[in-house]
file start-v6.csv (CSV, C-alpha atoms)
chain,number,residue,atom,x,y,z
A,1,MET,CA,-25.6,11.4,15.4
A,2,THR,CA,-22.3,10.2,16.7
A,3,PHE,CA,-19.9,7.9,15.1
A,4,PRO,CA,-18.8,5.1,15.3
A,5,LEU,CA,-22.2,3.5,15.5
A,6,GLU,CA,-22.9,1.4,18.6
A,7,ASN,CA,-23.5,-1.7,16.5
A,8,ALA,CA,-22.7,-2.1,12.9
A,9,GLY,CA,-25.1,-4.5,11.2
A,10,ASN,CA,-23.6,-7.4,9.3
A,11,LEU,CA,-25.2,-6.0,6.2
A,12,MET,CA,-23.2,-2.8,6.4
A,13,VAL,CA,-20.0,-4.8,6.9
A,14,LEU,CA,-20.9,-6.9,4.0
A,15,VAL,CA,-21.4,-3.8,1.8
A,16,ALA,CA,-18.1,-2.4,2.9
A,17,GLY,CA,-16.5,-5.7,1.9
A,18,VAL,CA,-18.2,-5.6,-1.5
A,19,LEU,CA,-16.8,-2.1,-2.1
A,20,PHE,CA,-13.4,-3.1,-0.8
A,21,GLY,CA,-13.2,-6.0,-3.3
A,22,PHE,CA,-14.6,-4.0,-6.1
A,23,PHE,CA,-12.1,-1.1,-5.8
A,24,ILE,CA,-9.1,-3.5,-5.4
A,25,GLU,CA,-10.2,-5.4,-8.6
A,26,SER,CA,-10.9,-2.1,-10.4
A,27,ALA,CA,-7.4,-0.9,-9.7
A,28,GLY,CA,-5.9,-4.3,-10.9
A,29,LEU,CA,-4.4,-4.9,-7.4
A,30,ASN,CA,-5.6,-8.5,-7.5
A,31,SER,CA,-3.0,-9.3,-10.2
A,32,PRO,CA,0.2,-10.8,-8.9
A,33,ARG,CA,2.1,-9.5,-11.9
A,34,LYS,CA,0.9,-5.9,-11.2
A,35,LEU,CA,1.5,-6.2,-7.5
A,36,THR,CA,5.0,-7.5,-7.9
A,37,ALA,CA,5.7,-4.8,-10.6
A,38,GLN,CA,5.5,-2.3,-7.8
A,39,PHE,CA,8.5,-3.8,-6.1
A,40,ALA,CA,10.3,-3.9,-9.4
A,41,LEU,CA,9.5,-0.1,-9.6
A,42,ARG,CA,7.9,-0.6,-13.0
A,43,ASP,CA,4.2,0.0,-12.0
A,44,TRP,CA,3.4,2.3,-9.0
A,45,THR,CA,-0.2,1.4,-8.7
A,46,VAL,CA,0.1,-0.3,-5.2
A,47,PHE,CA,1.8,2.8,-3.7
A,48,ARG,CA,-0.7,5.2,-5.4
A,49,VAL,CA,-3.9,3.3,-4.4
A,50,MET,CA,-2.7,2.6,-0.8
A,51,PHE,CA,-1.4,6.1,-0.1
A,52,THR,CA,-4.5,7.8,-1.7
A,53,ALA,CA,-6.8,5.5,0.4
A,54,ILE,CA,-4.9,6.3,3.6
A,55,VAL,CA,-4.9,10.1,3.0
A,56,VAL,CA,-8.6,10.1,2.0
A,57,ALA,CA,-9.8,8.0,4.9
A,58,ALA,CA,-7.6,9.8,7.4
A,59,ALA,CA,-8.7,13.3,6.2
A,60,GLY,CA,-12.3,12.2,6.2
A,61,LEU,CA,-12.1,10.8,9.8
A,62,TRP,CA,-10.3,14.0,10.8
A,63,LEU,CA,-13.1,16.2,9.4
A,64,PHE,CA,-15.7,14.1,11.2
A,65,ASP,CA,-13.7,14.5,14.4
A,66,VAL,CA,-13.3,18.3,14.0
A,67,ALA,CA,-17.0,18.6,13.3
A,68,GLY,CA,-17.7,16.8,16.6
A,69,TRP,CA,-19.5,13.8,14.9
A,70,LEU,CA,-16.9,11.2,15.8
A,71,ARG,CA,-15.5,9.9,19.1
A,72,PHE,CA,-12.0,9.3,17.8
A,73,ASP,CA,-11.0,7.5,21.0
A,74,ALA,CA,-13.6,4.8,20.2
A,75,LEU,CA,-11.7,3.9,17.0
A,76,LYS,CA,-9.4,0.9,16.9
A,77,VAL,CA,-5.8,2.3,16.8
A,78,PRO,CA,-3.2,-0.6,16.9
A,79,THR,CA,-0.5,-0.4,19.5
A,80,LEU,CA,3.1,-0.8,18.3
A,81,PHE,CA,4.9,-4.0,19.0
A,82,PHE,CA,8.1,-3.0,17.3
A,83,TRP,CA,9.9,-6.2,16.4
A,84,ALA,CA,6.7,-8.3,15.8
A,85,MET,CA,5.3,-5.7,13.4
A,86,ALA,CA,8.6,-4.8,11.7
A,87,LEU,CA,9.4,-8.5,11.1
A,88,GLY,CA,5.8,-9.4,10.3
A,89,GLY,CA,5.7,-6.5,7.8
A,90,ALA,CA,9.0,-7.6,6.3
A,91,MET,CA,7.6,-11.2,5.9
A,92,LEU,CA,4.5,-9.9,4.2
A,93,GLY,CA,6.7,-7.8,1.8
A,94,ALA,CA,8.8,-10.8,1.0
A,95,GLY,CA,5.7,-13.0,0.7
A,96,MET,CA,4.3,-10.6,-1.9
A,97,ALA,CA,7.5,-10.3,-3.8
A,98,ILE,CA,7.7,-14.1,-4.0
A,99,GLY,CA,4.0,-15.2,-3.9
A,100,GLY,CA,2.4,-12.3,-5.7
A,101,TYR,CA,-0.3,-11.5,-3.1
A,102,CYS,CA,-1.0,-10.4,0.4
A,103,PRO,CA,-4.0,-12.0,2.4
A,104,GLY,CA,-6.7,-9.5,1.1
A,105,THR,CA,-5.6,-9.3,-2.5
A,106,SER,CA,-5.5,-13.1,-2.7
A,107,VAL,CA,-9.2,-13.2,-2.0
A,108,VAL,CA,-9.9,-10.7,-4.7
A,109,GLY,CA,-7.6,-12.6,-7.1
A,110,LEU,CA,-9.3,-15.9,-6.5
A,111,PHE,CA,-12.8,-14.4,-7.2
A,112,ALA,CA,-11.6,-12.9,-10.4
A,113,GLY,CA,-10.6,-16.4,-11.5
A,114,ARG,CA,-7.0,-16.7,-10.4
A,115,LEU,CA,-6.4,-20.2,-9.2
A,116,ASP,CA,-2.8,-19.5,-8.1
A,117,ALA,CA,-4.5,-17.4,-5.3
A,118,LEU,CA,-5.9,-20.7,-3.8
A,119,PHE,CA,-2.3,-22.0,-3.5
A,120,PHE,CA,-1.2,-18.8,-1.8
A,121,MET,CA,-4.1,-19.2,0.7
A,122,LEU,CA,-3.0,-22.8,1.4
A,123,GLY,CA,0.5,-21.4,2.0
A,124,MET,CA,-0.9,-18.8,4.4
A,125,MET,CA,-2.7,-21.4,6.4
A,126,LEU,CA,0.5,-23.5,6.6
A,127,GLY,CA,2.4,-20.4,7.7
A,128,SER,CA,-0.2,-19.5,10.4
A,129,THR,CA,0.0,-23.1,11.6
A,130,VAL,CA,3.8,-22.9,11.9
A,131,PHE,CA,3.3,-19.6,13.8
A,132,ALA,CA,0.8,-21.2,16.2
A,133,LEU,CA,3.2,-24.0,16.9
A,134,SER,CA,6.1,-21.6,17.7
A,135,TYR,CA,4.1,-18.8,19.3
A,136,ASP,CA,5.3,-19.5,22.8
A,137,SER,CA,9.0,-19.2,21.8
A,138,LEU,CA,8.4,-15.9,20.1
A,139,GLU,CA,7.4,-14.0,23.2
A,140,SER,CA,10.6,-11.9,23.2
A,141,LEU,CA,9.5,-10.2,19.9
A,142,TYR,CA,6.6,-8.6,21.8
A,143,GLN,CA,8.7,-7.0,24.5
A,144,VAL,CA,9.5,-3.7,22.8
A,145,LYS,CA,6.1,-2.0,22.9
A,146,GLY,CA,5.0,1.5,22.2
A,147,PRO,CA,2.5,3.5,24.2
A,148,ALA,CA,-1.1,2.1,23.8
A,149,ASN,CA,-2.9,3.3,20.7
A,150,GLN,CA,-0.2,5.8,19.8
A,151,THR,CA,-0.8,8.0,16.7
A,152,LEU,CA,1.8,10.0,14.8
A,153,SER,CA,0.5,13.1,16.6
A,154,GLY,CA,0.9,11.4,19.9
A,155,LEU,CA,4.5,10.5,19.0
A,156,THR,CA,5.6,13.8,17.7
A,157,GLY,CA,3.3,16.4,19.3
A,158,LEU,CA,2.5,17.8,15.8
A,159,PRO,CA,-1.3,18.3,15.1
A,160,ALA,CA,-3.1,15.7,13.0
A,161,TRP,CA,-3.8,18.3,10.2
A,162,LEU,CA,-0.1,18.9,9.8
A,163,TRP,CA,0.5,15.1,9.5
A,164,LEU,CA,-2.3,14.9,6.9
A,165,LEU,CA,-0.6,17.6,4.9
A,166,LEU,CA,2.8,15.9,5.2
A,167,LEU,CA,1.3,12.6,4.1
A,168,ALA,CA,-0.6,14.2,1.2
A,169,GLY,CA,2.8,15.8,0.2
A,170,MET,CA,4.5,12.5,0.4
A,171,ALA,CA,1.8,10.9,-1.7
A,172,ALA,CA,2.2,13.6,-4.3
A,173,GLY,CA,5.9,13.2,-4.3
A,174,GLY,CA,5.4,9.4,-4.8
A,175,PHE,CA,3.1,10.0,-7.7
A,176,PHE,CA,5.8,12.1,-9.5
A,177,LEU,CA,8.5,9.7,-8.6
A,178,GLY,CA,6.3,6.9,-9.9
A,179,ASN,CA,5.8,8.7,-13.2
A,180,TRP,CA,9.5,9.0,-13.6
A,181,PHE,CA,10.2,5.3,-12.9
A,182,GLU,CA,7.2,4.2,-15.0
A,183,SER,CA,8.5,6.0,-18.1
A,184,ARG,CA,11.8,4.3,-17.8
A,185,ARG,CA,11.0,0.7,-16.7
A,186,GLY,CA,8.3,-0.5,-19.1
A,187,GLY,CA,5.4,1.3,-17.5
A,188,LYS,CA,2.1,0.3,-16.0
A,189,ILE,CA,0.7,-3.2,-16.6
A,190,SER,CA,-2.7,-2.9,-18.3
A,191,ALA,CA,-5.6,-5.3,-18.3
A,192,LYS,CA,-4.8,-6.0,-22.0
A,193,ASP,CA,-1.2,-6.9,-21.1
A,194,LEU,CA,-2.5,-9.4,-18.6
A,195,ALA,CA,-4.9,-10.9,-21.0
A,196,SER,CA,-2.3,-11.3,-23.8
A,197,GLY,CA,0.4,-12.5,-21.3
A,198,SER,CA,3.1,-10.0,-22.4
D,1,MET,CA,-16.8,-15.8,-22.1
D,2,THR,CA,-13.0,-15.6,-22.1
D,3,GLU,CA,-13.1,-14.0,-25.6
D,4,ARG,CA,-14.5,-10.7,-24.2
D,5,LYS,CA,-12.0,-7.8,-24.4
D,6,PRO,CA,-11.1,-6.7,-20.9
D,7,ARG,CA,-11.7,-3.1,-20.0
D,8,ASP,CA,-8.7,-1.4,-18.6
D,9,PHE,CA,-8.2,-0.7,-14.9
D,10,TRP,CA,-9.4,2.4,-13.1
D,11,PRO,CA,-6.9,5.2,-12.6
D,12,PRO,CA,-5.1,4.6,-9.3
D,13,LEU,CA,-6.3,7.9,-7.9
D,14,ALA,CA,-9.9,7.1,-8.5
D,15,ALA,CA,-9.7,3.5,-7.1
D,16,GLY,CA,-7.7,4.8,-4.2
D,17,ALA,CA,-10.3,7.5,-3.4
D,18,GLY,CA,-13.1,4.9,-3.5
D,19,LEU,CA,-11.1,2.6,-1.3
D,20,GLY,CA,-10.4,5.5,1.1
D,21,LEU,CA,-14.1,6.4,1.4
D,22,THR,CA,-14.9,2.7,1.9
D,23,LEU,CA,-12.3,2.5,4.7
D,24,MET,CA,-13.7,5.7,6.3
D,25,GLY,CA,-17.2,4.4,6.1
D,26,MET,CA,-16.1,1.1,7.8
D,27,PHE,CA,-14.6,3.1,10.7
D,28,LEU,CA,-17.7,5.2,11.0
D,29,VAL,CA,-20.1,2.3,11.2
D,30,SER,CA,-18.0,-0.2,13.1
D,31,GLY,CA,-15.1,1.6,14.9
D,32,HIS,CA,-12.5,-0.5,13.1
D,33,GLY,CA,-11.1,-0.7,9.6
D,34,LEU,CA,-11.0,-3.4,6.9
D,35,GLY,CA,-9.1,-6.6,7.4
D,36,ALA,CA,-8.3,-10.0,5.8
D,37,SER,CA,-5.7,-12.2,7.6
D,38,ASP,CA,-7.9,-12.8,10.7
D,39,PHE,CA,-10.5,-14.5,8.5
D,40,PHE,CA,-7.9,-17.1,7.6
D,41,ASN,CA,-6.8,-17.5,11.2
D,42,ARG,CA,-10.4,-18.0,12.2
D,43,LEU,CA,-11.0,-20.5,9.3
D,44,LEU,CA,-7.8,-22.4,10.4
D,45,THR,CA,-8.9,-22.3,14.0
D,46,SER,CA,-12.3,-23.8,13.1
D,47,LEU,CA,-10.6,-26.6,11.1
D,48,SER,CA,-8.2,-27.2,13.9
D,49,ALA,CA,-11.0,-27.2,16.5
D,50,ALA,CA,-12.8,-29.9,14.4
D,51,ALA,CA,-9.7,-32.1,14.3
D,52,ALA,CA,-8.3,-31.5,17.8
D,53,PRO,CA,-10.6,-29.4,20.0
D,54,ASP,CA,-8.6,-29.6,23.2
D,55,TRP,CA,-5.3,-28.9,21.6
D,56,THR,CA,-6.8,-25.9,19.7
D,57,GLU,CA,-8.2,-24.4,22.9
D,58,MET,CA,-4.9,-24.9,24.7
D,59,ASN,CA,-2.8,-23.4,21.9
D,60,SER,CA,-1.8,-19.8,22.8
D,61,PHE,CA,-2.5,-18.5,19.3
D,62,PHE,CA,-5.6,-20.5,18.2
D,63,GLY,CA,-7.0,-20.4,21.7
D,64,GLY,CA,-7.5,-16.6,21.2
D,65,PHE,CA,-10.1,-17.3,18.5
D,66,VAL,CA,-12.0,-20.0,20.5
D,67,GLY,CA,-14.9,-18.7,22.6
D,68,ALA,CA,-18.6,-19.1,23.2
D,69,ALA,CA,-19.2,-18.3,19.5
D,70,HIS,CA,-17.9,-20.3,16.5
D,71,PRO,CA,-14.5,-18.9,15.4
D,72,LEU,CA,-16.0,-17.8,12.1
D,73,ASN,CA,-18.9,-16.0,13.8
D,74,SER,CA,-17.2,-12.6,13.4
D,75,TRP,CA,-17.7,-9.4,11.4
D,76,ILE,CA,-14.6,-10.4,9.3
D,77,SER,CA,-16.4,-13.4,7.8
D,78,TRP,CA,-19.2,-11.0,6.5
D,79,GLU,CA,-16.5,-8.6,5.2
D,80,ILE,CA,-14.6,-11.3,3.3
D,81,ALA,CA,-17.9,-12.7,1.8
D,82,GLY,CA,-18.4,-9.1,0.6
D,83,VAL,CA,-14.9,-8.9,-0.8
D,84,ALA,CA,-15.5,-12.1,-2.8
D,85,ILE,CA,-18.8,-10.7,-4.2
D,86,GLY,CA,-17.2,-7.3,-5.0
D,87,ALA,CA,-14.3,-9.1,-6.9
D,88,LEU,CA,-16.9,-11.1,-8.9
D,89,ILE,CA,-18.9,-8.0,-9.8
D,90,GLY,CA,-15.9,-5.9,-10.7
D,91,SER,CA,-14.2,-8.5,-12.8
D,92,PHE,CA,-17.4,-9.6,-14.7
D,93,LEU,CA,-18.6,-6.1,-15.4
D,94,ALA,CA,-15.3,-5.1,-16.8
D,95,GLY,CA,-14.8,-8.4,-18.7
D,96,ARG,CA,-11.7,-9.2,-16.7
D,97,PHE,CA,-12.8,-12.5,-15.1
D,98,ARG,CA,-10.5,-15.2,-16.3
D,99,PHE,CA,-9.8,-18.7,-15.0
D,100,LYS,CA,-6.0,-18.8,-15.0
D,101,ILE,CA,-2.8,-19.4,-13.1
D,102,GLU,CA,-1.2,-16.0,-13.4
D,103,ARG,CA,2.6,-16.1,-13.8
D,104,GLY,CA,5.5,-14.2,-15.3
D,105,PRO,CA,6.3,-14.8,-19.0
D,106,ARG,CA,9.2,-17.0,-18.2
D,107,ALA,CA,7.8,-19.0,-15.2
D,108,SER,CA,6.4,-22.5,-15.5
D,109,VAL,CA,3.1,-23.5,-13.9
D,110,GLY,CA,5.0,-25.6,-11.4
D,111,LEU,CA,7.3,-22.8,-10.4
D,112,ARG,CA,4.3,-20.4,-10.0
D,113,LEU,CA,2.4,-22.8,-7.7
D,114,GLY,CA,5.6,-23.3,-5.7
D,115,THR,CA,6.1,-19.6,-5.3
D,116,ALA,CA,2.4,-19.1,-4.4
D,117,VAL,CA,2.7,-21.7,-1.5
D,118,GLY,CA,6.1,-20.4,-0.4
D,119,GLY,CA,5.1,-16.7,-0.5
D,120,GLY,CA,1.8,-17.6,1.2
D,121,MET,CA,3.7,-19.3,4.1
D,122,LEU,CA,5.8,-16.2,4.7
D,123,SER,CA,2.6,-14.1,4.5
D,124,GLY,CA,0.6,-16.2,6.9
D,125,PHE,CA,3.4,-16.3,9.4
D,126,GLY,CA,4.1,-12.6,9.1
D,127,ALA,CA,0.5,-11.5,9.4
D,128,ALA,CA,0.1,-13.7,12.5
D,129,LEU,CA,3.3,-12.3,14.0
D,130,ALA,CA,2.4,-8.7,13.3
D,131,GLY,CA,-1.2,-9.1,14.4
D,132,GLY,CA,-2.5,-7.9,11.1
D,133,CYS,CA,-1.8,-7.7,7.3
D,134,THR,CA,-1.5,-5.0,4.7
D,135,SER,CA,-5.2,-4.2,5.0
D,136,GLY,CA,-5.8,-4.7,8.8
D,137,LEU,CA,-2.6,-3.1,10.0
D,138,GLY,CA,-1.1,-1.1,7.1
D,139,LEU,CA,-4.2,0.5,5.5
D,140,SER,CA,-6.6,0.6,8.5
D,141,GLY,CA,-3.9,1.6,11.0
D,142,GLY,CA,-2.7,4.3,8.5
D,143,ALA,CA,-6.2,5.8,8.3
D,144,VAL,CA,-6.1,6.6,12.0
D,145,LEU,CA,-2.4,7.6,11.7
D,146,ALA,CA,-1.2,4.8,14.0
D,147,VAL,CA,2.6,4.7,14.5
D,148,ALA,CA,2.3,0.9,14.3
D,149,ALA,CA,0.9,1.1,10.8
D,150,PHE,CA,3.8,3.2,9.5
D,151,VAL,CA,6.5,0.9,11.1
D,152,PHE,CA,4.7,-2.0,9.4
D,153,LEU,CA,4.4,-0.3,6.0
D,154,ILE,CA,8.1,0.8,5.9
D,155,ALA,CA,9.2,-2.7,6.7
D,156,PHE,CA,6.8,-4.1,4.1
D,157,PHE,CA,7.9,-1.9,1.2
D,158,ALA,CA,11.6,-2.0,2.1
D,159,THR,CA,11.7,-5.8,2.2
D,160,GLY,CA,9.5,-6.2,-0.8
D,161,LEU,CA,11.9,-4.0,-2.8
D,162,LEU,CA,14.9,-5.9,-1.6
D,163,VAL,CA,13.5,-9.4,-2.2
D,164,ALA,CA,12.2,-8.3,-5.6
D,165,THR,CA,15.8,-7.7,-6.8
D,166,LEU,CA,16.0,-11.5,-6.7
D,167,THR,CA,12.5,-12.4,-7.7
D,168,ARG,CA,11.7,-9.8,-10.4
D,169,ARG,CA,13.1,-12.2,-13.0
D,170,ILE,CA,10.3,-14.7,-12.4
D,171,TRP,CA,7.6,-12.0,-12.6
D,172,GLN,CA,8.6,-9.5,-15.3
call {"tool": "encode", "arguments": {"input": "start-v6.csv", "output": "structure tokens"}}
result
Amino acid sequence: MTFPLENAGNLMVLVAGVLFGFFIESAGLNSPRKLTAQFALRDWTVFRVMFTAIVVAAAGLWLFDVAGWLRFDALKVPTLFFWAMALGGAMLGAGMAIGGYCPGTSVVGLFAGRLDALFFMLGMMLGSTVFALSYDSLESLYQVKGPANQTLSGLTGLPAWLWLLLLAGMAAGGFFLGNWFESRRGGKISAKDLASGS
Amino acid sequence: MTERKPRDFWPPLAAGAGLGLTLMGMFLVSGHGLGASDFFNRLLTSLSAAAAPDWTEMNSFFGGFVGAAHPLNSWISWEIAGVAIGALIGSFLAGRFRFKIERGPRASVGLRLGTAVGGGMLSGFGAALAGGCTSGLGLSGGAVLAVAAFVFLIAFFATGLLVATLTRRIWQ
């Protein structure tokens, strides 16, 4: 059997979506107070969950690749458009610090009863409309372009396993740094804190 | 219903490992990762196409989502439907489902709804500009060690930290 499959059924994609929503909710990453507490350095859950997920998924895909069960070149690897992605990333960071969500977490927030997520979604659609109206004048932001589908290994020449070790080390460092900050800035926001509104 | 005591969140390591395995599974079956913002772009395109079909098809951004199939006829619609179901299951099982407008202890409802719309606008513009969001570009690109994902994530966290020095007061 070789991955990726030729044709993922809609059912498999739906199941992946269910798990995606379930784990984000389980971690509390659909709470705008918890999400913004990351940027206040009070609660490091966003960093921990994202970095763990990246390292686990990347290590798993690497194992499948090494075992010969995966055609890695058939996977979607985004190509770098430096200014578009750096500015876009910055706007999503600002959008989360102000609005309390990103696109995915707003869906999980809404379906756990958070009505503010609906207003965030409305804002997103307004923002995309402004983008659609100004797209033609933003062409210069797409001119600084990296090599197609470049990975960290492609950029540096270092093997993927070494990058995995480096990322795992950075994740571990972030976990410790997070503990240090959390013990000084009020700590993690629990489900009970959110229910009582403290 | 709202009186039930909420169970606390999973430890981040466990939730992150579950999310990572889900992300890996999505790549194995489909060749791409998880996403979110494109669903909203497709939803918007279908609304725009209903109101002004010619303009929508001519627009350089929306036009990219117009084709033989309906803009919402895409894998991402199935995924987002799943995300909604997963959020319902998780929050009900743990007694965390609450109808509310979540806001900081010192923020009024009006201020909260304003920041939601304003932050959403930045987010919608930013995701369209970057060609992906925290899930589609950051998380999914990160899983295949894409350089693009790490440029995006560094900009995301750095700007979030910076802007939070101004906005933390309305949240914490």
call {"tool": "closest_residue", "arguments": {"input": "start-v6.csv", "among": "A:Leu167, A:Glu6, A:Leu14, A:Val77", "to": "Ala59 (chain A)", "atoms": "all atoms listed in the file"}}
result
A:Leu167
call {"tool": "closest_atom_pairs", "arguments": {"input": "start-v6.csv", "of": "region 110-177 of chain A", "to": "region 103-118 of chain D", "cutoff": "8 Å", "atoms": "only C-alpha atoms", "output": "tab-separated table"}}
result
residue	atom	partner	partner_atom	distance
A:Asp116	CA	D:Leu113	CA	6.2
A:Ala117	CA	D:Ala116	CA	7.2
A:Phe119	CA	D:Val117	CA	5.4
A:Phe120	CA	D:Ala116	CA	4.5
A:Met121	CA	D:Val117	CA	7.6
A:Leu122	CA	D:Val117	CA	6.5
A:Gly123	CA	D:Val117	CA	4.1
A:Met124	CA	D:Val117	CA	7.5
call {"tool": "residues_around", "arguments": {"input": "start-v6.csv", "residues": "Leu137 (chain D)", "least_positions_apart": "6", "cutoff": "12 Å", "atoms": "only C-alpha atoms", "output": "PyMOL selection string"}}
result
(chain A and resi 54+76-81+85-86+88-89+92+103-104) or (chain D and resi 32-38+126-131+143-153+156)
call {"tool": "closest_residue", "arguments": {"input": "start-v6.csv", "among": "D:Leu162, D:Ser91, D:Gln172, D:Met121", "to": "Asp8 (chain D)", "atoms": "all atoms listed in the file"}}
result
D:Ser91
call {"tool": "atom_distance", "arguments": {"input": "start-v6.csv", "atom1": "CA of Ile76 (chain D)", "atom2": "CA of Val55 (chain A)"}}
result
23.5 Å
call {"tool": "atom_distance", "arguments": {"input": "start-v6.csv", "atom1": "CA of Gly124 (chain D)", "atom2": "CA of Gly109 (chain A)"}}
result
16.6 Å
call {"tool": "atom_distance", "arguments": {"input": "start-v6.csv", "atom1": "CA of Arg169 (chain D)", "atom2": "CA of Leu41 (chain A)"}}
result
13.1 Å
call {"tool": "closest_atom_pairs", "arguments": {"input": "start-v6.csv", "of": "region 62-160 of chain A", "to": "region 63-68 of chain D", "cutoff": "12 Å", "atoms": "only C-alpha atoms", "output": "JSON lines"}}
result
{"residue": "A:Ala132", "atom": "CA", "partner": "D:Gly63", "partner_atom": "CA", "distance": 9.6}
{"residue": "A:Leu133", "atom": "CA", "partner": "D:Gly63", "partner_atom": "CA", "distance": 11.8}
{"residue": "A:Tyr135", "atom": "CA", "partner": "D:Gly63", "partner_atom": "CA", "distance": 11.5}
call {"tool": "decode", "arguments": {"input": "start-v6.csv", "residues": "region 149-167 of chain D", "atoms": "N, CA and C atoms", "output": "mmCIF file, in the first residue's frame"}}
result
data_model
loop_
_atom_site.group_PDB
_atom_site.id
_atom_site.type_symbol
_atom_site.label_atom_id
_atom_site.label_comp_id
_atom_site.auth_asym_id
_atom_site.auth_seq_id
_atom_site.Cartn_x
_atom_site.Cartn_y
_atom_site.Cartn_z
ATOM 1 N N ALA D 149 5.911 27.615 5.914
ATOM 2 C CA ALA D 149 5.172 27.505 7.170
ATOM 3 C C ALA D 149 5.916 28.192 8.307
ATOM 4 N N PHE D 150 7.245 28.069 8.327
ATOM 5 C CA PHE D 150 7.986 28.634 9.446
ATOM 6 C C PHE D 150 8.129 30.151 9.327
ATOM 7 N N VAL D 151 8.214 30.665 8.097
ATOM 8 C CA VAL D 151 8.170 32.125 7.904
ATOM 9 C C VAL D 151 6.833 32.660 8.428
ATOM 10 N N PHE D 152 5.759 31.974 8.045
ATOM 11 C CA PHE D 152 4.418 32.357 8.476
ATOM 12 C C PHE D 152 4.295 32.321 10.003
ATOM 13 N N LEU D 153 4.738 31.213 10.619
ATOM 14 C CA LEU D 153 4.563 31.037 12.065
ATOM 15 C C LEU D 153 5.371 32.041 12.869
ATOM 16 N N ILE D 154 6.593 32.349 12.397
ATOM 17 C CA ILE D 154 7.418 33.334 13.113
ATOM 18 C C ILE D 154 6.730 34.698 13.075
ATOM 19 N N ALA D 155 6.217 35.077 11.878
ATOM 20 C CA ALA D 155 5.512 36.360 11.754
ATOM 21 C C ALA D 155 4.252 36.374 12.611
ATOM 22 N N PHE D 156 3.542 35.240 12.639
ATOM 23 C CA PHE D 156 2.297 35.117 13.413
ATOM 24 C C PHE D 156 2.562 35.334 14.910
ATOM 25 N N PHE D 157 3.521 34.581 15.469
ATOM 26 C CA PHE D 157 3.779 34.678 16.909
ATOM 27 C C PHE D 157 4.399 36.020 17.276
ATOM 28 N N ALA D 158 5.345 36.507 16.462
ATOM 29 C CA ALA D 158 6.015 37.769 16.787
ATOM 30 C C ALA D 158 5.006 38.920 16.818
ATOM 31 N N THR D 159 4.130 38.986 15.809
ATOM 32 C CA THR D 159 3.153 40.076 15.757
ATOM 33 C C THR D 159 2.101 39.925 16.850
ATOM 34 N N GLY D 160 1.691 38.687 17.102
ATOM 35 C CA GLY D 160 0.725 38.448 18.177
ATOM 36 C C GLY D 160 1.256 38.945 19.513
ATOM 37 N N LEU D 161 2.527 38.627 19.795
ATOM 38 C CA LEU D 161 3.150 39.075 21.047
ATOM 39 C C LEU D 161 3.173 40.594 21.130
ATOM 40 N N LEU D 162 3.536 41.217 20.006
ATOM 41 C CA LEU D 162 3.666 42.676 19.967
ATOM 42 C C LEU D 162 2.307 43.353 20.173
ATOM 43 N N VAL D 163 1.311 42.905 19.416
ATOM 44 C CA VAL D 163 -0.016 43.526 19.506
ATOM 45 C C VAL D 163 -0.638 43.265 20.880
ATOM 46 N N ALA D 164 -0.309 42.109 21.472
ATOM 47 C CA ALA D 164 -0.888 41.773 22.778
ATOM 48 C C ALA D 164 -0.407 42.712 23.885
ATOM 49 N N THR D 165 0.742 43.373 23.682
ATOM 50 C CA THR D 165 1.166 44.337 24.704
ATOM 51 C C THR D 165 0.132 45.461 24.814
ATOM 52 N N LEU D 166 -0.613 45.707 23.707
ATOM 53 C CA LEU D 166 -1.674 46.722 23.738
ATOM 54 C C LEU D 166 -3.024 46.130 24.118
ATOM 55 N N THR D 167 -3.288 44.879 23.657
ATOM 56 C CA THR D 167 -4.643 44.341 23.811
ATOM 57 C C THR D 167 -4.806 43.424 25.025
#
